[in-house]
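Encoded as structure tokens, the structure appears first; notes follow it.
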Amino acid sequence: MAVLGAPLDPVTVASLKGTLDYYLWRGVPVVRSWPRKPIQPRTPAVVNAYLEFGAIAKAITSIPLELQEEVKAYAKYTNWTWRDWWTAAMYGNMWEPFFEPYDTEIPNMPAMIPGRYYSTPGIDYAPSTASNALNILRTLPFYVPTLTNFDRIAWEITATTGGNDRAGIYGPFGIDPTLAPLVVDAGNLAIGSTGVKELTINVELVPGWYLLALISSATRTYRTIPNGSYIAGLGLQAAGNARPAHALTRAFTFGALPNPLGGPLTYDNANTTPVIWARAF
């Protein structure tokens with residue numbers, strides 16, 4: 001490459017096409033030999049890489065629009081486009097860039113302290129009680145500000161024993177919570193007494209919004225969130241509503257948790273959602 005003292009006129013540039021390549025490099029006029037394809041044949045590995053990348057690029061066009069929107073929602077907080085994310089996912093290399101935006105940004109809430117329990121924002125810790133209905137999977141929004149490990153999911157039963165409870169975590173989730181992937185299914189816990197119940201987990205969560213999930217095989221009474229004692233993170237169904245939604249629920253028969261969460265989902269503003277906690281470690 002050679003630096004020119006001044007740009008050449010278009011006629012001269014056109015006459016030397018195929019021999020010399022004139023262009024601006026960072027605003028400086030330069031010239032180089034006309035680029036040519038390598039003479040030697042491509043190796044099998046290079047040929048396969050071309051074919052593989054071409055297939056991935058073609059497959060991107062068939063991704064459903066709702067999934068594209070989910071990935072775009074994540075991509076806007078990173079240095080990658082949503083197409084970069086999908087390509088990285090196909091190559092099994094999507095985790096490396098995921099942490100980039102969080103290395104330089106200040107979280108909007110303090111880091112979680114090991115040994116302490118966390119739940120949905122704004123919860124009132126003088127909560128009430130309510131009975132649950134069967135075949136309803138209940139989930140609470142749960143924000144993780146920094147990369148955090150969790151070793152427990154907990155909830156409290158105030159009356160009625162027997163049967164089993166099952167808990168888990170979904171997320172991170174975006175505009176459409178029905179697409180939230182299952183992060184961990186903590187399994188069943190036989191309920192033989194009242195009080196705080198816990199299931200052991202071992203999961204590391206990247207920053208984002210998650211859903212703490214709980215379902216029971218029996219009708220029982222739980223420690224619940226009082227109406228009006230939570231942040232309106234899920235919004236109001238309509239302007240002027242007396243209470244904001246604080247939980248997402250869906251019809252589901254007791255058993256292994258679905259993946260993804262699925263739906264249809266109900267934005268619940270009733271005093272029936274058990275308080276669910278996760279313990280950082």
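FYI, nothing fancy with the structure tokens labels: chains A, B, ... in order, residues from 1 per chain, ligands from 1 as they appear.
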Could you build a table of the residues in region 183-267 of chain A lying no more than 8 Å from region 124-144 of chain A, giving for each the nearest pair of atoms and their separation in Å rounded to one decimal place, using only C-alpha atoms, ordered by chain and ascending residue number, as a tab-separated table?
```
residue	atom	partner	partner_atom	distance
A:Leu205	CA	A:Val144	CA	7.3
A:Val206	CA	A:Val144	CA	7.2
A:Pro207	CA	A:Val144	CA	5.0
A:Gly208	CA	A:Val144	CA	5.4
A:Trp209	CA	A:Tyr143	CA	4.6
A:Tyr210	CA	A:Phe142	CA	5.0
A:Leu211	CA	A:Pro141	CA	4.6
A:Leu212	CA	A:Leu140	CA	5.1
A:Ala213	CA	A:Thr139	CA	4.2
A:Leu214	CA	A:Arg138	CA	5.4
A:Ile215	CA	A:Leu137	CA	5.0
A:Ser216	CA	A:Leu134	CA	6.8
A:Ser217	CA	A:Leu134	CA	6.7
A:Ala218	CA	A:Leu134	CA	6.5
A:Thr219	CA	A:Asn132	CA	5.8
A:Arg220	CA	A:Ser131	CA	5.5
A:Thr221	CA	A:Ser131	CA	4.1
A:Tyr222	CA	A:Thr129	CA	5.5
A:Arg223	CA	A:Thr129	CA	4.5
A:Thr224	CA	A:Thr129	CA	5.0
A:Ile225	CA	A:Pro127	CA	5.4
A:Pro226	CA	A:Pro127	CA	5.7
A:Ser229	CA	A:Asp124	CA	5.3
A:Tyr230	CA	A:Asp124	CA	6.9
A:His246	CA	A:Leu140	CA	7.0
A:Ala247	CA	A:Leu140	CA	4.9
A:Leu248	CA	A:Thr139	CA	5.2
A:Thr249	CA	A:Arg138	CA	4.5
A:Arg250	CA	A:Leu137	CA	5.4
A:Ala251	CA	A:Ile136	CA	4.7
A:Phe252	CA	A:Asn135	CA	5.0
A:Thr253	CA	A:Asn135	CA	4.7
A:Phe254	CA	A:Asn135	CA	6.0
```
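For region 53-57 of chain A, the non-local neighbours within 9 Å, defined as residues at least 4 positions apart in the same chain or in other chains and counting only C-alpha atoms, are Asn48, Ala49, Thr61, Arg83, Trp86, Thr87 and Met90 of chain A.
Nearest to Ile231 (chain A) of all the residues A:Gly122, A:Pro260, A:Gly187, A:Gly5 is A:Gly122, counting only C-alpha atoms.
Distance check against Ser33 (chain A) using only C-alpha atoms: of A:Gly162, A:Ile63, A:Ala2, A:Leu51, the minimum falls on A:Ala2.
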Could you tell me, as a ChimeraX atom specification, which residues of region 55-245 of chain A DSSP assigns to alpha helix (DSSP H) when given the backbone? /A:55-60,65-75,82-90,100-104
Separation of CA of Pro114 (chain A) and CA of Pro274 (chain A), in Å? 23.1 Å
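Considering the residues A:Pro121, A:Gly263, A:Pro29, A:Gly192 and counting only C-alpha atoms, Gly163 (chain A) has its shortest atom-to-atom contact with A:Gly192.
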Enumerate as a PyMOL selection string all residues of region 152-258 of chain A assigned to strand (DSSP E or B) by DSSP on the backbone, naming them with the chain letters and numbers the document uses. chain A and resi 152-159+164-170+182-190+195-205+208-216+221-224+247-251
Produce a file of the selected residues containing C-alpha atoms, as a compact mmCIF listing (two decimals), in the first residue's frame.
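Here's the written file out.txt:
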```
# COMPACT_ATOMS: atom_id res chain seq x y z
CA ARG A 152 -31.45 -22.48 47.71
CA ILE A 153 -35.04 -21.84 46.64
CA ALA A 154 -37.33 -21.24 49.64
CA TRP A 155 -40.99 -20.56 50.49
CA GLU A 156 -43.18 -20.74 53.61
CA ILE A 157 -46.21 -22.93 54.33
CA THR A 158 -48.53 -21.68 57.08
CA ALA A 159 -51.24 -24.39 57.01
CA ASN A 164 -45.48 -32.30 47.17
CA ASP A 165 -44.26 -28.88 46.12
CA ARG A 166 -41.91 -28.22 43.20
CA ALA A 167 -39.80 -25.12 42.55
CA GLY A 168 -37.48 -23.74 39.88
CA ILE A 169 -36.09 -20.71 38.07
CA TYR A 170 -36.77 -19.38 34.55
CA LEU A 182 -35.97 -23.21 32.35
CA VAL A 183 -32.70 -22.58 34.19
CA VAL A 184 -33.19 -25.10 36.98
CA ASP A 185 -35.93 -27.50 38.08
CA ALA A 186 -35.17 -28.10 41.76
CA GLY A 187 -37.44 -31.16 41.90
CA ASN A 188 -40.13 -32.28 44.35
CA LEU A 189 -40.26 -31.74 48.10
CA ALA A 190 -42.66 -33.84 50.21
CA GLY A 195 -42.81 -23.58 58.13
CA VAL A 196 -40.12 -22.47 55.70
CA LYS A 197 -39.26 -25.06 53.05
CA GLU A 198 -36.13 -25.15 50.92
CA LEU A 199 -34.80 -27.04 47.91
CA THR A 200 -31.07 -27.18 47.18
CA ILE A 201 -29.82 -25.85 43.84
CA ASN A 202 -26.44 -24.94 42.38
CA VAL A 203 -26.76 -22.35 39.63
CA GLU A 204 -24.87 -19.28 38.43
CA LEU A 205 -27.06 -16.52 36.96
CA GLY A 208 -31.03 -9.97 34.13
CA TRP A 209 -34.66 -10.61 35.04
CA TYR A 210 -35.69 -14.12 36.09
CA LEU A 211 -38.82 -15.84 37.39
CA LEU A 212 -38.93 -17.85 40.63
CA ALA A 213 -41.48 -20.63 40.10
CA LEU A 214 -43.57 -22.77 42.48
CA ILE A 215 -46.35 -25.35 42.03
CA SER A 216 -48.06 -27.74 44.46
CA THR A 221 -51.89 -22.04 52.62
CA TYR A 222 -48.72 -20.08 51.89
CA ARG A 223 -47.06 -16.92 53.10
CA THR A 224 -48.03 -14.50 50.34
CA ALA A 247 -46.71 -12.30 39.35
CA LEU A 248 -47.14 -14.39 36.21
CA THR A 249 -49.21 -17.57 36.40
CA ARG A 250 -50.28 -20.28 33.98
CA ALA A 251 -52.39 -23.43 34.03
```
